[in-house]
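Source file: entry_37.cif (mmCIF, C-alpha atoms (C1' of nucleotides))
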```
data_start
#
loop_
_atom_site.label_atom_id
_atom_site.label_comp_id
_atom_site.auth_asym_id
_atom_site.auth_seq_id
_atom_site.Cartn_x
_atom_site.Cartn_y
_atom_site.Cartn_z
CA MET A 1 50.53 -79.59 -53.44
CA ASP A 2 48.26 -77.91 -50.97
CA ASN A 3 44.54 -77.83 -51.34
CA LYS A 4 41.61 -77.10 -49.05
CA ALA A 5 41.09 -80.75 -48.16
CA SER A 6 44.54 -81.01 -46.63
CA ALA A 7 44.20 -77.99 -44.32
CA SER A 8 46.01 -78.35 -41.00
CA SER A 9 44.08 -79.03 -37.81
CA GLY A 10 44.83 -75.55 -36.55
CA GLU A 11 43.46 -74.07 -39.75
CA LYS A 12 40.35 -76.24 -39.65
CA ILE A 13 39.71 -75.17 -36.05
CA LEU A 14 40.18 -71.51 -36.93
CA ALA A 15 37.82 -71.72 -39.91
CA ALA A 16 35.09 -73.52 -37.96
CA ALA A 17 35.48 -71.18 -34.98
CA THR A 18 35.11 -68.17 -37.26
CA ARG A 19 31.90 -69.55 -38.71
CA ILE A 20 30.42 -70.29 -35.27
CA ALA A 21 31.52 -66.97 -33.75
CA GLN A 22 29.97 -65.03 -36.65
CA ALA A 23 26.66 -66.75 -35.99
CA HIS A 24 26.63 -66.93 -32.19
CA GLY A 25 29.26 -64.59 -30.79
CA TYR A 26 31.96 -65.39 -28.26
CA GLY A 27 29.63 -66.69 -25.57
CA GLY A 28 27.87 -68.86 -28.12
CA LEU A 29 31.11 -70.46 -29.28
CA ASN A 30 30.83 -73.92 -27.74
CA LEU A 31 34.10 -75.85 -27.60
CA ARG A 32 32.45 -79.27 -27.58
CA THR A 33 30.42 -78.39 -30.68
CA LEU A 34 33.46 -76.85 -32.36
CA ALA A 35 35.56 -79.94 -31.65
CA GLU A 36 32.87 -82.21 -33.04
CA GLU A 37 32.78 -80.20 -36.28
CA VAL A 38 36.53 -80.55 -36.63
CA GLY A 39 36.40 -84.25 -35.75
CA ILE A 40 38.27 -84.24 -32.46
CA LYS A 41 37.39 -84.01 -28.75
CA ALA A 42 37.11 -80.74 -26.85
CA ALA A 43 40.19 -81.49 -24.77
CA SER A 44 42.25 -81.82 -27.96
CA LEU A 45 41.56 -78.22 -28.89
CA TYR A 46 43.91 -77.16 -26.13
CA HIS A 47 46.77 -78.70 -28.03
CA HIS A 48 46.29 -76.11 -30.78
CA PHE A 49 45.17 -73.09 -28.75
CA PRO A 50 45.96 -72.50 -25.08
CA SER A 51 42.40 -71.33 -24.30
CA LYS A 52 39.09 -70.24 -25.75
CA ALA A 53 40.24 -66.64 -25.31
CA ASP A 54 43.36 -67.23 -27.41
CA LEU A 55 41.38 -69.04 -30.08
CA ALA A 56 38.87 -66.19 -30.28
CA ALA A 57 41.67 -63.64 -30.39
CA ALA A 58 43.26 -65.53 -33.29
CA VAL A 59 39.90 -65.59 -35.08
CA ALA A 60 39.44 -61.85 -34.56
CA ARG A 61 43.02 -61.08 -35.58
CA ARG A 62 42.67 -62.90 -38.88
CA TYR A 63 39.30 -61.27 -39.45
CA ALA A 64 40.85 -57.83 -38.99
CA ASP A 65 43.75 -58.78 -41.29
CA ASP A 66 41.38 -59.99 -44.00
CA SER A 67 39.44 -56.74 -43.72
CA VAL A 68 42.58 -54.73 -44.32
CA ALA A 69 43.26 -56.75 -47.46
CA THR A 70 39.69 -56.33 -48.69
CA LEU A 71 39.71 -52.60 -48.08
CA GLU A 72 43.05 -52.20 -49.84
CA ALA A 73 41.69 -54.12 -52.81
CA ILE A 74 38.66 -51.83 -52.96
CA ALA A 75 40.89 -48.76 -52.82
CA THR A 76 42.94 -50.12 -55.71
CA GLU A 77 39.99 -51.21 -57.87
CA ALA A 78 37.70 -48.25 -57.29
CA GLY A 79 39.53 -45.24 -58.61
CA SER A 80 37.77 -42.29 -57.02
CA PRO A 81 37.07 -41.61 -53.33
CA ASP A 82 33.35 -41.56 -54.14
CA ALA A 83 33.57 -45.02 -55.68
CA CYS A 84 35.42 -46.26 -52.58
CA LEU A 85 32.71 -44.93 -50.28
CA ARG A 86 29.98 -46.45 -52.43
CA ARG A 87 31.66 -49.83 -52.20
CA TYR A 88 32.52 -49.70 -48.50
CA PRO A 89 29.27 -51.32 -47.27
CA GLU A 90 30.07 -54.37 -49.45
CA THR A 91 32.30 -55.79 -46.74
CA PHE A 92 29.42 -55.74 -44.26
CA ARG A 93 26.87 -56.94 -46.77
CA ARG A 94 28.93 -60.01 -47.59
CA SER A 95 28.53 -61.36 -44.04
CA LEU A 96 24.77 -61.10 -44.26
CA GLU A 97 24.77 -62.94 -47.58
CA ARG A 98 26.45 -65.93 -45.97
CA ASP A 99 23.66 -67.45 -43.87
CA ASN A 100 22.78 -64.15 -42.21
CA ARG A 101 26.12 -64.02 -40.45
CA ILE A 102 27.40 -60.78 -39.03
CA CYS A 103 30.64 -58.87 -39.01
CA LEU A 104 32.53 -60.70 -36.33
CA CYS A 105 33.73 -57.58 -34.61
CA SER A 106 30.46 -55.68 -34.62
CA PHE A 107 28.99 -58.78 -33.10
CA MET A 108 31.52 -59.09 -30.36
CA ALA A 109 31.19 -55.36 -29.67
CA ALA A 110 27.91 -56.15 -27.97
CA GLU A 111 29.63 -58.64 -25.67
CA TYR A 112 32.57 -56.29 -25.40
CA ASP A 113 32.74 -55.83 -21.64
CA ASP A 114 32.74 -59.57 -21.02
CA LEU A 115 35.40 -60.44 -23.60
CA PRO A 116 38.95 -61.46 -22.68
CA ALA A 117 41.39 -58.56 -23.06
CA GLU A 118 43.22 -60.07 -26.04
CA VAL A 119 39.93 -60.38 -27.94
CA GLN A 120 38.93 -56.80 -27.02
CA ALA A 121 42.23 -55.59 -28.44
CA GLN A 122 41.56 -57.20 -31.83
CA ILE A 123 38.05 -55.74 -31.97
CA GLN A 124 39.59 -52.30 -31.50
CA VAL A 125 42.14 -52.98 -34.23
CA PHE A 126 39.35 -53.91 -36.63
CA ALA A 127 37.42 -50.72 -35.84
CA ASP A 128 40.58 -48.63 -36.09
CA VAL A 129 41.60 -49.93 -39.53
CA ASN A 130 38.09 -49.37 -40.85
CA VAL A 131 37.93 -45.81 -39.53
CA ALA A 132 41.47 -45.09 -40.78
CA TRP A 133 40.61 -46.37 -44.27
CA LEU A 134 37.43 -44.28 -44.37
CA ALA A 135 39.22 -41.19 -43.07
CA ASN A 136 41.91 -41.64 -45.70
CA VAL A 137 39.36 -41.93 -48.50
CA LEU A 138 37.45 -38.91 -47.22
CA GLN A 139 40.66 -36.87 -47.07
CA ALA A 140 41.43 -37.82 -50.64
CA GLY A 141 37.95 -36.54 -51.42
CA GLY A 142 38.86 -33.14 -50.04
CA ILE A 143 37.75 -33.27 -46.39
CA LYS A 144 40.19 -31.99 -43.79
CA ARG A 145 41.95 -34.54 -41.61
CA GLU A 146 40.06 -33.99 -38.38
CA ALA A 147 36.65 -33.81 -40.03
CA ALA A 148 37.47 -36.92 -42.06
CA GLU A 149 38.27 -38.83 -38.87
CA LEU A 150 34.93 -37.84 -37.32
CA ARG A 151 32.99 -38.66 -40.47
CA GLY A 152 34.81 -41.99 -40.79
CA ARG A 153 33.69 -43.02 -37.32
CA ALA A 154 30.12 -42.00 -38.11
CA ILE A 155 30.07 -44.07 -41.31
CA PHE A 156 31.53 -47.10 -39.54
CA ALA A 157 28.98 -46.86 -36.72
CA ALA A 158 26.07 -46.32 -39.10
CA VAL A 159 26.93 -49.25 -41.37
CA SER A 160 27.46 -51.50 -38.33
CA GLY A 161 24.04 -50.53 -37.02
CA ALA A 162 22.46 -51.25 -40.40
CA GLN A 163 24.02 -54.69 -40.43
CA LEU A 164 22.82 -55.47 -36.91
CA MET A 165 19.26 -54.39 -37.69
CA ALA A 166 19.14 -56.28 -40.99
CA ARG A 167 20.36 -59.39 -39.23
CA GLY A 168 17.57 -59.20 -36.66
CA ARG A 169 15.05 -59.11 -39.49
CA ALA A 170 17.01 -61.65 -41.55
CA ASP A 171 16.49 -59.24 -44.44
CA ILE A 172 19.35 -58.17 -46.71
CA ALA A 173 17.01 -55.86 -48.63
CA LEU A 174 16.60 -53.91 -45.39
CA PHE A 175 20.37 -53.48 -45.22
CA ASP A 176 20.44 -52.16 -48.78
CA SER A 177 17.55 -49.82 -48.08
CA ILE A 178 19.22 -48.35 -44.98
CA ILE A 179 22.49 -47.83 -46.85
CA GLU A 180 20.55 -46.09 -49.61
CA SER A 181 19.01 -43.78 -47.01
CA TYR A 182 22.46 -42.96 -45.68
CA GLN A 183 23.59 -42.13 -49.20
CA ALA A 184 20.50 -40.05 -49.93
CA ALA A 185 21.02 -38.13 -46.68
CA GLY A 186 24.60 -37.40 -47.69
CA LEU A 187 26.42 -39.41 -45.01
CA PHE A 188 28.78 -40.87 -47.58
CA ALA A 189 29.33 -37.62 -49.43
CA SER A 190 33.03 -36.88 -49.75
CA ALA A 191 32.45 -33.15 -49.77
CA ASN A 192 30.91 -31.08 -46.98
CA PRO A 193 27.62 -29.25 -47.74
CA MET B 1 1.75 -46.22 1.23
CA ASP B 2 4.13 -47.69 -1.28
CA ASN B 3 7.72 -46.70 -1.60
CA LYS B 4 10.74 -48.11 -3.37
CA ALA B 5 12.00 -49.94 -0.29
CA SER B 6 8.88 -52.08 -0.13
CA ALA B 7 9.02 -53.25 -3.74
CA SER B 8 7.68 -56.77 -4.31
CA SER B 9 10.06 -59.66 -4.95
CA GLY B 10 8.89 -59.85 -8.56
CA GLU B 11 9.68 -56.18 -9.04
CA LYS B 12 13.09 -56.49 -7.38
CA ILE B 13 13.94 -59.42 -9.67
CA LEU B 14 12.81 -57.52 -12.74
CA ALA B 15 14.83 -54.43 -11.81
CA ALA B 16 18.00 -56.40 -11.07
CA ALA B 17 17.59 -58.52 -14.22
CA THR B 18 17.24 -55.37 -16.33
CA ARG B 19 20.43 -53.96 -14.90
CA ILE B 20 22.39 -57.18 -15.52
CA ALA B 21 20.96 -57.72 -19.02
CA GLN B 22 21.87 -54.17 -20.02
CA ALA B 23 25.45 -54.82 -18.98
CA HIS B 24 25.93 -58.43 -20.11
CA GLY B 25 23.11 -59.40 -22.47
CA TYR B 26 20.89 -62.45 -22.29
CA GLY B 27 23.67 -65.01 -22.21
CA GLY B 28 25.45 -63.05 -19.50
CA LEU B 29 22.39 -62.95 -17.27
CA ASN B 30 23.38 -65.45 -14.59
CA LEU B 31 20.49 -66.71 -12.46
CA ARG B 32 22.63 -67.53 -9.44
CA THR B 33 24.15 -64.03 -9.46
CA LEU B 34 20.75 -62.45 -10.02
CA ALA B 35 19.24 -64.40 -7.12
CA GLU B 36 22.07 -63.39 -4.82
CA GLU B 37 21.50 -59.71 -5.65
CA VAL B 38 17.84 -60.07 -4.78
CA GLY B 39 18.62 -62.03 -1.62
CA ILE B 40 17.17 -65.43 -2.52
CA LYS B 41 18.40 -68.68 -4.07
CA ALA B 42 18.38 -69.38 -7.80
CA ALA B 43 15.70 -72.04 -7.43
CA SER B 44 13.38 -69.48 -5.83
CA LEU B 45 13.38 -67.36 -9.00
CA TYR B 46 11.21 -69.99 -10.62
CA HIS B 47 8.43 -69.12 -8.21
CA HIS B 48 8.22 -65.66 -9.80
CA PHE B 49 9.07 -66.45 -13.44
CA PRO B 50 8.59 -69.81 -15.12
CA SER B 51 11.99 -69.62 -16.87
CA LYS B 52 14.93 -67.40 -17.78
CA ALA B 53 13.27 -66.88 -21.18
CA ASP B 54 10.06 -65.59 -19.56
CA LEU B 55 12.01 -63.34 -17.20
CA ALA B 56 14.00 -61.87 -20.08
CA ALA B 57 10.83 -61.39 -22.13
CA ALA B 58 9.27 -59.51 -19.20
CA VAL B 59 12.37 -57.34 -18.93
CA ALA B 60 12.30 -56.58 -22.67
CA ARG B 61 8.55 -55.93 -22.65
CA ARG B 62 8.83 -53.35 -19.89
CA TYR B 63 11.81 -51.80 -21.60
CA ALA B 64 9.80 -51.38 -24.81
CA ASP B 65 6.85 -49.97 -22.83
CA ASP B 66 9.08 -47.45 -21.06
CA SER B 67 10.52 -46.40 -24.41
CA VAL B 68 7.05 -45.68 -25.74
CA ALA B 69 6.33 -43.48 -22.73
CA THR B 70 9.65 -41.64 -23.10
CA LEU B 71 9.14 -41.04 -26.81
CA GLU B 72 5.60 -39.78 -26.22
CA ALA B 73 6.90 -37.40 -23.57
CA ILE B 74 9.51 -36.07 -26.00
CA ALA B 75 6.86 -35.57 -28.67
CA THR B 76 4.73 -33.61 -26.20
CA GLU B 77 7.57 -31.48 -24.78
CA ALA B 78 9.42 -30.72 -28.00
CA GLY B 79 7.02 -28.82 -30.16
CA SER B 80 8.47 -29.10 -33.64
CA PRO B 81 9.46 -32.22 -35.61
CA ASP B 82 13.01 -30.89 -35.77
CA ALA B 83 13.17 -30.58 -31.99
CA CYS B 84 11.88 -34.16 -31.68
CA LEU B 85 14.61 -35.46 -33.99
CA ARG B 86 17.29 -33.52 -32.15
CA ARG B 87 16.17 -35.06 -28.87
CA TYR B 88 15.72 -38.62 -30.16
CA PRO B 89 19.28 -39.78 -29.39
CA GLU B 90 18.71 -38.84 -25.73
CA THR B 91 17.05 -42.18 -25.06
CA PHE B 92 20.14 -44.04 -26.26
CA ARG B 93 22.56 -41.68 -24.57
CA ARG B 94 20.89 -42.20 -21.21
CA SER B 95 21.89 -45.89 -21.17
CA LEU B 96 25.53 -45.02 -21.74
CA GLU B 97 25.45 -42.50 -18.92
CA ARG B 98 24.44 -45.20 -16.46
CA ASP B 99 27.65 -47.22 -16.06
CA ASN B 100 28.18 -47.59 -19.79
CA ARG B 101 25.06 -49.72 -20.15
CA ILE B 102 23.47 -50.21 -23.50
CA CYS B 103 20.00 -50.10 -24.94
CA LEU B 104 18.71 -53.49 -23.91
CA CYS B 105 17.25 -54.29 -27.27
CA SER B 106 20.18 -53.18 -29.41
CA PHE B 107 22.24 -55.37 -27.20
CA MET B 108 20.11 -58.42 -27.54
CA ALA B 109 19.93 -57.82 -31.29
CA ALA B 110 23.48 -59.16 -31.46
CA GLU B 111 22.40 -62.36 -29.71
CA TYR B 112 19.19 -62.33 -31.70
CA ASP B 113 19.35 -65.72 -33.38
CA ASP B 114 19.99 -67.49 -30.08
CA LEU B 115 17.24 -65.75 -28.10
CA PRO B 116 14.01 -67.49 -27.06
CA ALA B 117 11.12 -66.59 -29.37
CA GLU B 118 9.24 -64.55 -26.75
CA VAL B 119 12.31 -62.36 -26.21
CA GLN B 120 12.83 -61.95 -29.96
CA ALA B 121 9.25 -60.74 -30.27
CA GLN B 122 9.79 -57.98 -27.70
CA ILE B 123 13.00 -56.84 -29.41
CA GLN B 124 11.01 -56.43 -32.62
CA VAL B 125 8.31 -54.49 -30.78
CA PHE B 126 10.95 -52.12 -29.45
CA ALA B 127 12.44 -51.55 -32.90
CA ASP B 128 8.97 -51.13 -34.41
CA VAL B 129 7.81 -48.47 -31.95
CA ASN B 130 11.03 -46.53 -32.42
CA VAL B 131 10.77 -46.61 -36.21
CA ALA B 132 7.06 -45.76 -36.07
CA TRP B 133 7.72 -42.78 -33.80
CA LEU B 134 10.50 -41.52 -36.07
CA ALA B 135 8.41 -42.04 -39.21
CA ASN B 136 5.56 -40.13 -37.59
CA VAL B 137 7.79 -37.20 -36.67
CA LEU B 138 9.35 -37.15 -40.14
CA GLN B 139 5.92 -37.14 -41.75
CA ALA B 140 4.90 -34.22 -39.56
CA GLY B 141 8.04 -32.54 -40.89
CA GLY B 142 6.78 -32.89 -44.41
CA ILE B 143 8.28 -36.17 -45.65
CA LYS B 144 5.96 -38.57 -47.47
CA ARG B 145 4.85 -41.69 -45.60
CA GLU B 146 6.98 -44.24 -47.44
CA ALA B 147 10.13 -42.13 -47.42
CA ALA B 148 9.58 -41.34 -43.73
CA GLU B 149 9.44 -45.06 -42.93
CA LEU B 150 12.74 -45.70 -44.74
CA ARG B 151 14.43 -42.71 -43.12
CA GLY B 152 13.11 -43.75 -39.70
CA ARG B 153 14.75 -47.15 -40.03
CA ALA B 154 18.02 -45.52 -41.12
CA ILE B 155 18.04 -43.20 -38.09
CA PHE B 156 17.25 -46.04 -35.70
CA ALA B 157 20.03 -48.21 -37.15
CA ALA B 158 22.54 -45.35 -37.17
CA VAL B 159 21.89 -44.30 -33.56
CA SER B 160 22.04 -47.95 -32.42
CA GLY B 161 25.40 -48.32 -34.14
CA ALA B 162 26.70 -45.15 -32.50
CA GLN B 163 25.70 -46.47 -29.10
CA LEU B 164 27.38 -49.82 -29.69
CA MET B 165 30.63 -48.20 -30.82
CA ALA B 166 30.68 -45.69 -27.96
CA ARG B 167 30.15 -48.53 -25.51
CA GLY B 168 33.14 -50.43 -26.84
CA ARG B 169 35.28 -47.37 -26.25
CA ALA B 170 33.52 -46.53 -22.98
CA ASP B 171 33.34 -42.99 -24.31
CA ILE B 172 30.12 -40.95 -24.25
CA ALA B 173 31.85 -38.07 -26.02
CA LEU B 174 32.31 -40.42 -28.98
CA PHE B 175 28.56 -41.03 -29.03
CA ASP B 176 27.90 -37.30 -29.06
CA SER B 177 30.46 -36.75 -31.79
CA ILE B 178 28.95 -39.44 -34.03
CA ILE B 179 25.44 -38.04 -33.53
CA GLU B 180 26.78 -34.61 -34.46
CA SER B 181 28.23 -36.06 -37.64
CA TYR B 182 24.85 -37.57 -38.49
CA GLN B 183 23.23 -34.18 -37.96
CA ALA B 184 25.87 -32.38 -40.00
CA ALA B 185 25.41 -34.87 -42.82
CA GLY B 186 21.66 -34.25 -42.76
CA LEU B 187 20.50 -37.69 -41.61
CA PHE B 188 18.10 -36.11 -39.11
CA ALA B 189 16.86 -33.44 -41.48
CA SER B 190 13.08 -33.49 -41.66
CA ALA B 191 13.09 -32.20 -45.23
CA ASN B 192 14.62 -33.88 -48.27
CA PRO B 193 17.49 -32.06 -50.03
"C1'" DA C 1 53.24 -84.28 -31.35
"C1'" DC C 2 48.59 -85.17 -30.88
"C1'" DC C 3 44.54 -87.30 -28.81
"C1'" DT C 4 41.46 -88.88 -25.05
"C1'" DG C 5 38.38 -90.07 -20.70
"C1'" DA C 6 37.62 -88.54 -16.45
"C1'" DA C 7 37.30 -85.02 -13.38
"C1'" DC C 8 36.71 -79.99 -11.72
"C1'" DA C 9 33.77 -75.90 -10.83
"C1'" DC C 10 30.41 -73.68 -13.26
"C1'" DC C 11 25.66 -72.95 -15.83
"C1'" DG C 12 19.85 -73.40 -16.26
"C1'" DT C 13 16.43 -76.16 -14.45
"C1'" DT C 14 13.66 -79.53 -11.67
"C1'" DC C 15 11.73 -81.37 -7.64
"C1'" DA C 16 10.88 -83.17 -3.25
"C1'" DA C 17 10.85 -81.19 1.10
"C1'" DG C 18 10.35 -77.66 4.17
"C1'" DT C 19 7.89 -72.99 6.49
"C1'" DA D 1 2.60 -68.74 -1.16
"C1'" DC D 2 7.36 -68.74 -0.99
"C1'" DC D 3 11.89 -70.74 -0.15
"C1'" DT D 4 15.58 -74.29 -0.29
"C1'" DG D 5 19.28 -78.26 -0.96
"C1'" DA D 6 20.27 -81.64 -3.91
"C1'" DA D 7 20.36 -83.38 -8.25
"C1'" DC D 8 20.34 -83.25 -13.58
"C1'" DA D 9 22.70 -82.36 -18.04
"C1'" DC D 10 25.40 -78.83 -19.67
"C1'" DC D 11 29.65 -75.45 -20.02
"C1'" DG D 12 35.35 -74.30 -20.10
"C1'" DT D 13 39.31 -76.31 -18.51
"C1'" DT D 14 42.87 -79.54 -16.58
"C1'" DC D 15 45.52 -83.60 -16.41
"C1'" DA D 16 47.13 -88.14 -16.26
"C1'" DA D 17 47.32 -91.58 -19.55
"C1'" DG D 18 47.64 -93.28 -23.96
"C1'" DT D 19 49.62 -93.60 -29.35
#
```
Is it possible to give me this structure as structure tokens?
Amino acid sequence: MDNKASASSGEKILAAATRIAQAHGYGGLNLRTLAEEVGIKAASLYHHFPSKADLAAAVARRYADDSVATLEAIATEAGSPDACLRRYPETFRRSLERDNRICLCSFMAAEYDDLPAEVQAQIQVFADVNVAWLANVLQAGGIKREAAELRGRAIFAAVSGAQLMARGRADIALFDSIIESYQAAGLFASANP
Amino acid sequence: MDNKASASSGEKILAAATRIAQAHGYGGLNLRTLAEEVGIKAASLYHHFPSKADLAAAVARRYADDSVATLEAIATEAGSPDACLRRYPETFRRSLERDNRICLCSFMAAEYDDLPAEVQAQIQVFADVNVAWLANVLQAGGIKREAAELRGRAIFAAVSGAQLMARGRADIALFDSIIESYQAAGLFASANP
DNA sequence: ACCTGAACACCGTTCAAGT
DNA sequence: ACCTGAACACCGTTCAAGT
């Protein structure tokens, strides 16, 4: 039977790379350090991934996939559109809870211009699925399609910014307080004023 | 008489370093490339700045100082608190206009944990003066001190997030559209609902 | 199939040596 | 006072050589 201790080398590399990238970004992902964590030499990494760019793209792809699953779960659990919107920031908060890590894709967005193309593509996928989920929820709440798209982008950008700022201060309470302000201002409201 | 052509070496280094850091962040600031742009060798940079950390801190310090001046100018020009809030995103938009560059300090916020302490300190100063300016304007608009502080942080985080997202898409119109959404939602409103 | 040591061109940084 | 070439320990990456 499978268990976590018997994870394949490729899986162990991917997991460690995700952890490092969430803390230090693409540029801060050091292959010698990564290899040491996995228990092999840096040169051996190339037997599992053709390059650092491919490894990072795989990390980002799985991150985006996991996000889709999480968002779908929220949509299923939380009945109403309003409940969905209230719970949306959870996904960003969770990263901060784990050693002040940050949403992988928001993080890499800062390095965006210097990222390999295949990593850039995955960052865009992550942003797109988030905006699409938000737009869908907002539409279900009664907002017209085009307006829901615009509002979805605004919510995604705002929550990303909150996460980035809270990380700089290493203060989750700051994240919660900013989200509360957004809610009080009506940014998450599913109906237009 | 002074003119731009006769700028000192220190000033030329600072200007070039600011440009590079805005485009590539701290990690992407390459001393050999920087030196070449200025017309000297990398080793010569150390005659003007004791280290890359000190150079970056000087860049960030001047960036924060310039922001203070810009915000004060806005406060003087725009009479009402509402006009101030409407114009606030200008400072972030300006960076995007210039070759899709980004607010230096929002950028470095992503690299935050890996930055030298003296650079971190300047990033915090930048965030603090922005939040203080916003809180001040909001108070003048009739919001109580504590609530104004919270709202100021929310606006700063939201506008930073909009800038980061627009940069990833290399699309200033996206920035404008997100800011409009914020305004429509009432995030910039100087009075509580 | 997977791992490795040694090498490559690159980084920030130092330093002795030049003007 | 300012500049430089050469060297240092570090990066991603390659490759011949091992099991």
Evaluating the PyMOL selection byres ((chain A and resi 153) around 9) on the displayed file yields which residues, as a list in words?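 This file, filtered by the PyMOL selection byres ((chain A and resi 153) around 9), leaves Ala127, Asp128, Asn130, Val131, Ala132, Leu134, Ala135, Ala148, Glu149, Leu150, Arg151, Gly152, Ala154, Ile155, Phe156, Ala157 and Ala158 of chain A; Ala162, Met165, Leu174, Ser177, Ile178 and Ser181 of chain B.
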With C-alpha atoms retained, export the selected residues as a PDB file, in the coordinates of the input.
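Full text of out_26.pdb as output:
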```pdb
ATOM      1  CA  ALA A 127      37.420 -50.720 -35.840  1.00  0.00           C
ATOM      2  CA  ASP A 128      40.580 -48.630 -36.090  1.00  0.00           C
ATOM      3  CA  ASN A 130      38.090 -49.370 -40.850  1.00  0.00           C
ATOM      4  CA  VAL A 131      37.930 -45.810 -39.530  1.00  0.00           C
ATOM      5  CA  ALA A 132      41.470 -45.090 -40.780  1.00  0.00           C
ATOM      6  CA  LEU A 134      37.430 -44.280 -44.370  1.00  0.00           C
ATOM      7  CA  ALA A 135      39.220 -41.190 -43.070  1.00  0.00           C
ATOM      8  CA  ALA A 148      37.470 -36.920 -42.060  1.00  0.00           C
ATOM      9  CA  GLU A 149      38.270 -38.830 -38.870  1.00  0.00           C
ATOM     10  CA  LEU A 150      34.930 -37.840 -37.320  1.00  0.00           C
ATOM     11  CA  ARG A 151      32.990 -38.660 -40.470  1.00  0.00           C
ATOM     12  CA  GLY A 152      34.810 -41.990 -40.790  1.00  0.00           C
ATOM     13  CA  ALA A 154      30.120 -42.000 -38.110  1.00  0.00           C
ATOM     14  CA  ILE A 155      30.070 -44.070 -41.310  1.00  0.00           C
ATOM     15  CA  PHE A 156      31.530 -47.100 -39.540  1.00  0.00           C
ATOM     16  CA  ALA A 157      28.980 -46.860 -36.720  1.00  0.00           C
ATOM     17  CA  ALA A 158      26.070 -46.320 -39.100  1.00  0.00           C
TER      18      ALA A 158
ATOM     19  CA  ALA B 162      26.700 -45.150 -32.500  1.00  0.00           C
ATOM     20  CA  MET B 165      30.630 -48.200 -30.820  1.00  0.00           C
ATOM     21  CA  LEU B 174      32.310 -40.420 -28.980  1.00  0.00           C
ATOM     22  CA  SER B 177      30.460 -36.750 -31.790  1.00  0.00           C
ATOM     23  CA  ILE B 178      28.950 -39.440 -34.030  1.00  0.00           C
ATOM     24  CA  SER B 181      28.230 -36.060 -37.640  1.00  0.00           C
TER      25      SER B 181
END
```
What do you get, as a list in words, if you spell out every residue that the PyMOL selection byres ((chain C) within 10 of (chain A)) selects here?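 So the PyMOL selection byres ((chain C) within 10 of (chain A)) ends up selecting DA1, DC2, DC3, DT4 and DG5 of chain C.
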Using only C-alpha atoms and a cut-off of 10 Å, which residues of chain A sit close to chain B? Please list them as a ChimeraX atom specification. /A:23-25,27-28,100-102,106-114,120,123-124,127,147,150-170,174-175,177-189,192-193
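Between atom CA of B:Asp54 and atom C1' of D:DC11 the interatomic distance comes to 21.9 Å.
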Edge lengths and centre, in Å to one decimal, as lines of an AutoDock Vina configuration file: that's what I need for the box along x, y and z that holds all listed atoms of stretch 1-16 of chain C plus 5 Å on each side.
```
center_x = 32.1
center_y = -81.5
center_z = -17.3
size_x = 52.4
size_y = 27.1
size_z = 38.1
```
Shell of 10 Å around C:DT14, all atoms listed in the file, local chain residues under 3 positions omitted, as an MDAnalysis selection string: (chainID B and resid 43 46) or (chainID D and resid 7:8)
Do you have the atom CA of B:Arg62-atom CA of B:Glu97 distance handy? 19.9 Å
For D:DG12: contacts at 9 Å, only C-alpha atoms (C1' of nucleotides), fewer than 4 positions along chain excluded, given as a PyMOL selection string: (chain A and resi 30-31+51-52) or (chain C and resi 10)
note - atom CA of A:Arg94 and atom CA of A:Val137 are separated by 20.9 Å
At a cut-off of 12 Å, using only C-alpha atoms (C1' of nucleotides), what residues contact B:Ala83? Leave out same-chain residues fewer than 3 positions from it and give the result as an MDAnalysis selection string. chainID B and resid 74:80 86:90 134 137:138 140:141 188:190
Evaluate the PyMOL selection byres ((chain A and resi 68-71) around 9) against this structure - the residues, as a PyMOL selection string, please. chain A and resi 63-67+72-76+84+88+91+126+129-130+133
